file query.cif (mmCIF, C-alpha atoms and all ligand atoms)
data_input
loop_
_atom_site.label_atom_id
_atom_site.label_comp_id
_atom_site.auth_asym_id
_atom_site.auth_seq_id
_atom_site.Cartn_x
_atom_site.Cartn_y
_atom_site.Cartn_z
CA MET A 97 -28.91 -5.91 -9.33
CA THR A 98 -28.33 -9.39 -8.04
CA ASP A 99 -29.94 -11.50 -5.33
CA ASP A 100 -26.54 -12.74 -4.22
CA ARG A 101 -26.36 -12.35 -0.41
CA THR A 102 -22.58 -12.59 -0.15
CA PHE A 103 -21.98 -8.93 0.63
CA ASP A 104 -25.05 -8.24 2.78
CA ASP A 105 -23.20 -7.77 6.07
CA LEU A 106 -20.83 -5.29 4.48
CA LEU A 107 -23.62 -3.39 2.75
CA ALA A 108 -25.52 -3.14 6.03
CA ALA A 109 -22.40 -1.73 7.68
CA ASN A 110 -22.07 0.70 4.78
CA ARG A 111 -25.60 2.03 5.28
CA THR A 112 -24.76 2.73 8.92
CA TYR A 113 -21.56 4.43 7.80
CA ALA A 114 -23.44 6.60 5.31
CA GLU A 115 -25.84 7.76 8.05
CA HIS A 116 -22.91 9.43 9.79
CA PHE A 117 -21.05 10.42 6.64
CA THR A 118 -19.32 13.80 6.90
CA LEU A 119 -17.11 13.83 3.79
CA SER A 120 -19.85 14.82 1.33
CA GLY A 121 -18.58 17.33 -1.24
CA PHE A 122 -15.02 16.83 -0.03
CA ASP A 123 -12.41 17.70 -2.64
CA GLY A 124 -10.07 14.68 -2.77
CA ILE A 125 -6.92 16.71 -2.15
CA ALA A 126 -4.46 15.15 0.29
CA HIS A 127 -4.98 17.67 3.07
CA ALA A 128 -1.87 16.70 5.03
CA GLY A 129 0.12 16.65 1.75
CA VAL A 130 0.99 13.02 2.37
CA ALA A 131 1.14 9.98 0.09
CA ILE A 132 1.96 6.56 1.49
CA VAL A 133 2.92 3.52 -0.55
CA THR A 134 2.50 0.43 1.58
CA CYS A 135 1.61 -3.24 1.60
CA MET A 136 -1.87 -4.75 1.31
CA ASP A 137 -1.27 -6.42 4.69
CA SER A 138 -4.33 -6.18 6.95
CA ARG A 139 -2.14 -5.43 9.98
CA ILE A 140 -1.33 -2.00 8.53
CA ASP A 141 -3.70 0.91 9.19
CA PRO A 142 -1.97 3.59 7.08
CA LEU A 143 -3.90 6.63 8.25
CA ARG A 144 -3.98 5.89 11.95
CA LEU A 145 -0.33 4.85 12.18
CA LEU A 146 0.55 8.38 11.01
CA GLY A 147 -2.06 10.13 13.12
CA LEU A 148 -4.04 11.10 10.00
CA GLN A 149 -7.72 11.23 9.12
CA PRO A 150 -9.68 10.38 5.97
CA GLY A 151 -8.97 13.15 3.48
CA ASP A 152 -5.41 13.71 4.66
CA ALA A 153 -3.45 11.30 2.48
CA LYS A 154 -3.23 9.37 -0.77
CA ILE A 155 -2.78 5.68 -0.07
CA VAL A 156 -1.32 3.25 -2.59
CA ARG A 157 -1.23 -0.41 -1.65
CA ASN A 158 0.08 -3.59 -3.25
CA PRO A 159 1.87 -6.76 -2.16
CA GLY A 160 5.07 -5.65 -0.42
CA GLY A 161 4.42 -1.90 -0.62
CA ARG A 162 6.51 -1.65 -3.80
CA VAL A 163 6.94 1.34 -6.08
CA THR A 164 5.49 -0.37 -9.15
CA GLU A 165 4.60 1.43 -12.37
CA ALA A 166 1.04 1.86 -11.06
CA ALA A 167 2.27 3.15 -7.69
CA LEU A 168 4.60 5.60 -9.40
CA GLU A 169 1.72 6.82 -11.56
CA ALA A 170 -0.33 7.40 -8.41
CA VAL A 171 2.50 9.33 -6.76
CA ILE A 172 2.91 11.58 -9.82
CA LEU A 173 -0.82 12.35 -9.84
CA GLY A 174 -0.69 12.96 -6.10
CA VAL A 175 2.20 15.37 -6.39
CA HIS A 176 0.85 17.38 -9.31
CA LEU A 177 -2.92 17.32 -8.87
CA LEU A 178 -3.66 16.39 -5.29
CA GLY A 179 -1.38 18.40 -3.02
CA VAL A 180 1.21 15.77 -2.10
CA ASP A 181 4.61 17.08 -0.95
CA ARG A 182 5.72 14.20 1.28
CA VAL A 183 5.87 10.57 0.17
CA LEU A 184 6.44 7.65 2.53
CA VAL A 185 7.36 4.23 1.16
CA VAL A 186 6.49 1.71 3.85
CA PRO A 187 7.19 -2.01 3.53
CA HIS A 188 6.90 -3.96 6.78
CA THR A 189 8.28 -6.72 8.97
CA ARG A 190 7.05 -10.29 8.46
CA CYS A 191 5.80 -9.49 4.95
CA ALA A 192 4.80 -12.58 2.96
CA VAL A 193 6.46 -11.39 -0.24
CA ALA A 194 9.72 -10.67 1.60
CA THR A 195 9.81 -13.96 3.54
CA HIS A 196 8.95 -16.42 0.75
CA THR A 197 10.59 -17.28 -2.52
CA GLN A 198 8.50 -17.15 -5.68
CA ALA A 199 8.66 -20.96 -5.79
CA GLN A 200 7.23 -21.15 -2.26
CA LEU A 201 4.39 -18.77 -3.07
CA ARG A 202 3.60 -20.66 -6.27
CA GLU A 203 3.54 -23.91 -4.31
CA ARG A 204 1.18 -22.50 -1.67
CA VAL A 205 -1.15 -20.97 -4.25
CA SER A 206 -1.10 -24.19 -6.28
CA GLU A 207 -2.15 -26.11 -3.16
CA SER A 208 -4.92 -23.63 -2.39
CA ALA A 209 -6.16 -23.50 -5.99
CA GLY A 210 -5.95 -27.26 -6.50
CA GLN A 211 -4.20 -26.60 -9.79
CA ASP A 212 -0.88 -25.57 -11.18
CA ALA A 213 0.03 -21.94 -10.40
CA THR A 214 3.65 -22.01 -11.48
CA TRP A 215 2.85 -19.65 -14.38
CA GLN A 216 1.69 -16.89 -11.99
CA ILE A 217 4.27 -14.20 -11.29
CA PHE A 218 4.74 -13.15 -7.66
CA HIS A 219 7.11 -10.24 -7.21
CA VAL A 220 9.02 -11.42 -4.17
CA VAL A 221 11.58 -9.28 -2.36
CA GLU A 222 14.94 -10.91 -1.63
CA ASP A 223 16.50 -7.97 0.20
CA GLN A 224 13.92 -5.66 1.73
CA GLU A 225 16.39 -2.86 2.50
CA ALA A 226 17.82 -2.89 -1.02
CA ALA A 227 14.33 -2.95 -2.53
CA LEU A 228 13.33 0.01 -0.34
CA ARG A 229 16.37 2.01 -1.42
CA GLU A 230 15.58 1.26 -5.06
CA ASP A 231 11.91 2.16 -4.63
CA VAL A 232 12.71 5.50 -2.97
CA ARG A 233 15.26 6.20 -5.70
CA LYS A 234 12.62 5.59 -8.40
CA ILE A 235 10.46 8.36 -6.95
CA ARG A 236 13.27 10.79 -6.11
CA THR A 237 14.85 10.56 -9.55
CA HIS A 238 11.60 10.67 -11.52
CA PRO A 239 11.75 13.67 -13.87
CA LEU A 240 8.30 14.82 -12.77
CA VAL A 241 9.11 14.76 -9.04
CA ALA A 242 10.77 18.00 -7.95
CA ASP A 243 13.39 18.15 -5.20
CA SER A 244 10.86 20.01 -3.07
CA VAL A 245 8.95 16.74 -2.65
CA ALA A 246 10.29 14.87 0.38
CA VAL A 247 10.56 11.10 -0.10
CA GLY A 248 11.38 8.75 2.77
CA GLY A 249 11.73 4.98 3.09
CA PHE A 250 10.57 3.32 6.31
CA ILE A 251 10.05 -0.18 7.64
CA TYR A 252 6.85 -0.63 9.64
CA ASP A 253 7.05 -3.09 12.51
CA VAL A 254 3.73 -4.96 12.62
CA ASP A 255 4.44 -6.07 16.20
CA THR A 256 5.19 -2.68 17.74
CA GLY A 257 3.37 -0.28 15.41
CA LEU A 258 6.55 1.74 14.98
CA LEU A 259 8.01 3.18 11.79
CA ASP A 260 11.78 3.05 11.37
CA ARG A 261 13.26 5.39 8.79
CA ARG A 262 15.87 3.64 6.60
CA VAL A 263 16.22 5.91 3.57
ZN ZN B 301 3.25 -7.32 3.26
#
call {"tool": "encode", "arguments": {"input": "query.cif", "output": "structure tokens"}}
result
Amino acid sequence: MTDDRTFDDLLAANRTYAEHFTLSGFDGIAHAGVAIVTCMDSRIDPLRLLGLQPGDAKIVRNPGGRVTEAALEAVILGVHLLGVDRVLVVPHTRCAVATHTQAQLRERVSESAGQDATWQIFHVVEDQEAALREDVRKIRTHPLVADSVAVGGFIYDVDTGLLDRRV
């Protein structure tokens, strides 16, 4: 326990949420068979943009919506243990990691931190389409992902809400 008040508003909202909670005892399977790898960007609402509900999908998020080692691990678990048979890789328009160089991000973080941040790695994306093709390929060619698992690459437009399939 702590007497820190920093999270009080969120904890109050959580108590209200728990009063109407309907997912008790729910199994954790992806009921729509869907996994989505997408960016941490707050403009993206992964379930609603696909017409899904809590319980329907596995959601993996990181800067840029990249198929990192951790994301790949999540997809493998999803496919084999959690009912996933369709995987969407969804980077988006106006993504910070696709519109800045690493030097620019280091400079901005250095300014914010008031100290040198040039040692911090930021995995920027120089060519979003090429990165998406490579990320989809990583999943499709993984030895533990069968051909029966559908894998698609899409760009999400944060200004229209539309997905555009590219791979
Ligand atoms: Zn982003």
call {"tool": "closest_residue", "arguments": {"input": "query.cif", "among": "A:Ile155, A:Ile140, A:Leu178, A:Ala128", "to": "Leu258 in chain A", "atoms": "only C-alpha atoms"}}
result
A:Ile140
call {"tool": "residues_near_ligand", "arguments": {"input": "query.cif", "ligand": "ligand ZN 301 (chain B)", "cutoff": "12 Å", "atoms": "all atoms listed in the file", "output": "PyMOL selection string"}}
result
chain A and resi 133-140+157-162+186-196+219-221+224+251-254
call {"tool": "write_last_selection", "arguments": {"input": "query.cif", "atoms": "C-alpha atoms", "output": "PDB file, in the coordinates of the input"}}
result
ATOM      1  CA  VAL A 133       2.920   3.520  -0.550  1.00  0.00           C
ATOM      2  CA  THR A 134       2.500   0.430   1.580  1.00  0.00           C
ATOM      3  CA  CYS A 135       1.610  -3.240   1.600  1.00  0.00           C
ATOM      4  CA  MET A 136      -1.870  -4.750   1.310  1.00  0.00           C
ATOM      5  CA  ASP A 137      -1.270  -6.420   4.690  1.00  0.00           C
ATOM      6  CA  SER A 138      -4.330  -6.180   6.950  1.00  0.00           C
ATOM      7  CA  ARG A 139      -2.140  -5.430   9.980  1.00  0.00           C
ATOM      8  CA  ILE A 140      -1.330  -2.000   8.530  1.00  0.00           C
ATOM      9  CA  ARG A 157      -1.230  -0.410  -1.650  1.00  0.00           C
ATOM     10  CA  ASN A 158       0.080  -3.590  -3.250  1.00  0.00           C
ATOM     11  CA  PRO A 159       1.870  -6.760  -2.160  1.00  0.00           C
ATOM     12  CA  GLY A 160       5.070  -5.650  -0.420  1.00  0.00           C
ATOM     13  CA  GLY A 161       4.420  -1.900  -0.620  1.00  0.00           C
ATOM     14  CA  ARG A 162       6.510  -1.650  -3.800  1.00  0.00           C
ATOM     15  CA  VAL A 186       6.490   1.710   3.850  1.00  0.00           C
ATOM     16  CA  PRO A 187       7.190  -2.010   3.530  1.00  0.00           C
ATOM     17  CA  HIS A 188       6.900  -3.960   6.780  1.00  0.00           C
ATOM     18  CA  THR A 189       8.280  -6.720   8.970  1.00  0.00           C
ATOM     19  CA  ARG A 190       7.050 -10.290   8.460  1.00  0.00           C
ATOM     20  CA  CYS A 191       5.800  -9.490   4.950  1.00  0.00           C
ATOM     21  CA  ALA A 192       4.800 -12.580   2.960  1.00  0.00           C
ATOM     22  CA  VAL A 193       6.460 -11.390  -0.240  1.00  0.00           C
ATOM     23  CA  ALA A 194       9.720 -10.670   1.600  1.00  0.00           C
ATOM     24  CA  THR A 195       9.810 -13.960   3.540  1.00  0.00           C
ATOM     25  CA  HIS A 196       8.950 -16.420   0.750  1.00  0.00           C
ATOM     26  CA  HIS A 219       7.110 -10.240  -7.210  1.00  0.00           C
ATOM     27  CA  VAL A 220       9.020 -11.420  -4.170  1.00  0.00           C
ATOM     28  CA  VAL A 221      11.580  -9.280  -2.360  1.00  0.00           C
ATOM     29  CA  GLN A 224      13.920  -5.660   1.730  1.00  0.00           C
ATOM     30  CA  ILE A 251      10.050  -0.180   7.640  1.00  0.00           C
ATOM     31  CA  TYR A 252       6.850  -0.630   9.640  1.00  0.00           C
ATOM     32  CA  ASP A 253       7.050  -3.090  12.510  1.00  0.00           C
ATOM     33  CA  VAL A 254       3.730  -4.960  12.620  1.00  0.00           C
TER      34      VAL A 254
END
call {"tool": "atom_distance", "arguments": {"input": "query.cif", "atom1": "CA of Pro150 in chain A", "atom2": "CA of Ser120 in chain A"}}
result
12.0 Å
call {"tool": "closest_residue", "arguments": {"input": "query.cif", "among": "A:Ile172, A:Val183, A:Ala131, A:Ala199", "to": "Ala213 in chain A", "atoms": "all atoms listed in the file"}}
result
A:Ala199
call {"tool": "atom_distance", "arguments": {"input": "query.cif", "atom1": "CA of Val171 in chain A", "atom2": "CA of Ile132 in chain A"}}
result
8.7 Å
call {"tool": "atom_distance", "arguments": {"input": "query.cif", "atom1": "CA of Gln200 in chain A", "atom2": "CA of Val163 in chain A"}}
result
22.8 Å
call {"tool": "closest_residue", "arguments": {"input": "query.cif", "among": "A:Val175, A:Gly257, A:Arg202, A:Glu207", "to": "Arg144 in chain A", "atoms": "all atoms listed in the file"}}
result
A:Gly257
call {"tool": "closest_residue", "arguments": {"input": "query.cif", "among": "A:Ala153, A:Arg182, A:Asp212, A:Leu201", "to": "Ala242 in chain A", "atoms": "all atoms listed in the file"}}
result
A:Arg182
call {"tool": "residues_around", "arguments": {"input": "query.cif", "residues": "Gln149 in chain A", "least_positions_apart": "6", "cutoff": "12 Å", "atoms": "all atoms listed in the file", "output": "compact mmCIF listing (two decimals) with C-alpha atoms, in the frame of the given file"}}
result
# COMPACT_ATOMS: atom_id res chain seq x y z
CA LEU A 119 -17.11 13.83 3.79
CA ALA A 126 -4.46 15.15 0.29
CA HIS A 127 -4.98 17.67 3.07
CA ALA A 128 -1.87 16.70 5.03
CA VAL A 130 0.99 13.02 2.37
CA ASP A 141 -3.70 0.91 9.19
CA PRO A 142 -1.97 3.59 7.08
CA LEU A 143 -3.90 6.63 8.25
CA ILE A 155 -2.78 5.68 -0.07
call {"tool": "closest_residue", "arguments": {"input": "query.cif", "among": "A:Glu115, A:Asp231, A:Asp260, A:Glu222", "to": "Gln198 in chain A", "atoms": "all atoms listed in the file"}}
result
A:Glu222
call {"tool": "closest_residue", "arguments": {"input": "query.cif", "among": "A:Glu203, A:His116, A:Gly179, A:Gly129", "to": "Leu148 in chain A", "atoms": "all atoms listed in the file"}}
result
A:Gly129
call {"tool": "decode", "arguments": {"input": "query.cif", "residues": "range 184-211 of chain A", "atoms": "N, CA and C atoms", "output": "PDB file, in the first residue's frame"}}
result
ATOM      1  N   LEU A 184      -3.440  -9.585 -37.934  1.00  0.00           N
ATOM      2  CA  LEU A 184      -3.345  -8.314 -38.650  1.00  0.00           C
ATOM      3  C   LEU A 184      -2.158  -7.527 -38.099  1.00  0.00           C
ATOM      4  N   VAL A 185      -1.282  -7.088 -38.981  1.00  0.00           N
ATOM      5  CA  VAL A 185      -0.183  -6.205 -38.601  1.00  0.00           C
ATOM      6  C   VAL A 185      -0.569  -4.807 -39.069  1.00  0.00           C
ATOM      7  N   VAL A 186      -0.647  -3.864 -38.124  1.00  0.00           N
ATOM      8  CA  VAL A 186      -1.293  -2.584 -38.428  1.00  0.00           C
ATOM      9  C   VAL A 186      -0.482  -1.377 -37.955  1.00  0.00           C
ATOM     10  N   PRO A 187       0.538  -0.970 -38.735  1.00  0.00           N
ATOM     11  CA  PRO A 187       1.120   0.350 -38.501  1.00  0.00           C
ATOM     12  C   PRO A 187       0.139   1.421 -38.989  1.00  0.00           C
ATOM     13  N   HIS A 188       0.498   2.684 -38.833  1.00  0.00           N
ATOM     14  CA  HIS A 188      -0.504   3.726 -39.142  1.00  0.00           C
ATOM     15  C   HIS A 188       0.131   4.983 -39.727  1.00  0.00           C
ATOM     16  N   THR A 189      -0.716   5.806 -40.294  1.00  0.00           N
ATOM     17  CA  THR A 189      -0.278   7.090 -40.841  1.00  0.00           C
ATOM     18  C   THR A 189       0.153   8.015 -39.693  1.00  0.00           C
ATOM     19  N   ARG A 190       1.030   8.937 -40.019  1.00  0.00           N
ATOM     20  CA  ARG A 190       1.505   9.957 -39.080  1.00  0.00           C
ATOM     21  C   ARG A 190       2.076   9.363 -37.800  1.00  0.00           C
ATOM     22  N   CYS A 191       2.749   8.206 -37.943  1.00  0.00           N
ATOM     23  CA  CYS A 191       3.361   7.548 -36.786  1.00  0.00           C
ATOM     24  C   CYS A 191       4.696   8.223 -36.459  1.00  0.00           C
ATOM     25  N   ALA A 192       4.904   8.512 -35.189  1.00  0.00           N
ATOM     26  CA  ALA A 192       6.134   9.219 -34.777  1.00  0.00           C
ATOM     27  C   ALA A 192       7.403   8.453 -35.170  1.00  0.00           C
ATOM     28  N   VAL A 193       7.377   7.124 -35.041  1.00  0.00           N
ATOM     29  CA  VAL A 193       8.609   6.393 -35.340  1.00  0.00           C
ATOM     30  C   VAL A 193       8.839   6.218 -36.843  1.00  0.00           C
ATOM     31  N   ALA A 194       7.826   6.552 -37.656  1.00  0.00           N
ATOM     32  CA  ALA A 194       7.998   6.473 -39.104  1.00  0.00           C
ATOM     33  C   ALA A 194       8.204   7.856 -39.730  1.00  0.00           C
ATOM     34  N   THR A 195       8.092   8.907 -38.921  1.00  0.00           N
ATOM     35  CA  THR A 195       8.217  10.264 -39.457  1.00  0.00           C
ATOM     36  C   THR A 195       9.381  11.027 -38.832  1.00  0.00           C
ATOM     37  N   HIS A 196      10.137  10.363 -37.965  1.00  0.00           N
ATOM     38  CA  HIS A 196      11.333  10.967 -37.373  1.00  0.00           C
ATOM     39  C   HIS A 196      12.533  10.056 -37.640  1.00  0.00           C
ATOM     40  N   THR A 197      13.707  10.662 -37.667  1.00  0.00           N
ATOM     41  CA  THR A 197      14.922   9.850 -37.634  1.00  0.00           C
ATOM     42  C   THR A 197      15.247   9.537 -36.174  1.00  0.00           C
ATOM     43  N   GLN A 198      16.127   8.558 -35.974  1.00  0.00           N
ATOM     44  CA  GLN A 198      16.546   8.267 -34.601  1.00  0.00           C
ATOM     45  C   GLN A 198      17.207   9.501 -33.973  1.00  0.00           C
ATOM     46  N   ALA A 199      17.980  10.223 -34.760  1.00  0.00           N
ATOM     47  CA  ALA A 199      18.649  11.428 -34.240  1.00  0.00           C
ATOM     48  C   ALA A 199      17.625  12.455 -33.763  1.00  0.00           C
ATOM     49  N   GLN A 200      16.536  12.598 -34.532  1.00  0.00           N
ATOM     50  CA  GLN A 200      15.490  13.555 -34.125  1.00  0.00           C
ATOM     51  C   GLN A 200      14.808  13.123 -32.832  1.00  0.00           C
ATOM     52  N   LEU A 201      14.505  11.836 -32.731  1.00  0.00           N
ATOM     53  CA  LEU A 201      13.861  11.355 -31.505  1.00  0.00           C
ATOM     54  C   LEU A 201      14.793  11.505 -30.304  1.00  0.00           C
ATOM     55  N   ARG A 202      16.065  11.195 -30.509  1.00  0.00           N
ATOM     56  CA  ARG A 202      17.029  11.351 -29.412  1.00  0.00           C
ATOM     57  C   ARG A 202      17.121  12.812 -28.980  1.00  0.00           C
ATOM     58  N   GLU A 203      17.076  13.713 -29.966  1.00  0.00           N
ATOM     59  CA  GLU A 203      17.154  15.135 -29.643  1.00  0.00           C
ATOM     60  C   GLU A 203      15.930  15.572 -28.837  1.00  0.00           C
ATOM     61  N   ARG A 204      14.745  15.114 -29.273  1.00  0.00           N
ATOM     62  CA  ARG A 204      13.522  15.518 -28.561  1.00  0.00           C
ATOM     63  C   ARG A 204      13.480  14.949 -27.150  1.00  0.00           C
ATOM     64  N   VAL A 205      13.898  13.685 -27.008  1.00  0.00           N
ATOM     65  CA  VAL A 205      13.897  13.072 -25.673  1.00  0.00           C
ATOM     66  C   VAL A 205      14.963  13.722 -24.792  1.00  0.00           C
ATOM     67  N   SER A 206      16.092  14.038 -25.374  1.00  0.00           N
ATOM     68  CA  SER A 206      17.145  14.738 -24.614  1.00  0.00           C
ATOM     69  C   SER A 206      16.617  16.065 -24.074  1.00  0.00           C
ATOM     70  N   GLU A 207      15.899  16.806 -24.928  1.00  0.00           N
ATOM     71  CA  GLU A 207      15.326  18.090 -24.496  1.00  0.00           C
ATOM     72  C   GLU A 207      14.341  17.883 -23.360  1.00  0.00           C
ATOM     73  N   SER A 208      13.457  16.889 -23.525  1.00  0.00           N
ATOM     74  CA  SER A 208      12.443  16.620 -22.505  1.00  0.00           C
ATOM     75  C   SER A 208      13.072  16.173 -21.199  1.00  0.00           C
ATOM     76  N   ALA A 209      14.099  15.313 -21.303  1.00  0.00           N
ATOM     77  CA  ALA A 209      14.725  14.738 -20.107  1.00  0.00           C
ATOM     78  C   ALA A 209      15.708  15.706 -19.448  1.00  0.00           C
ATOM     79  N   GLY A 210      16.125  16.727 -20.190  1.00  0.00           N
ATOM     80  CA  GLY A 210      17.134  17.640 -19.655  1.00  0.00           C
ATOM     81  C   GLY A 210      18.482  16.968 -19.506  1.00  0.00           C
ATOM     82  N   GLN A 211      18.694  15.912 -20.231  1.00  0.00           N
ATOM     83  CA  GLN A 211      19.991  15.215 -20.201  1.00  0.00           C
ATOM     84  C   GLN A 211      20.195  14.455 -21.505  1.00  0.00           C
TER      85      GLN A 211
END
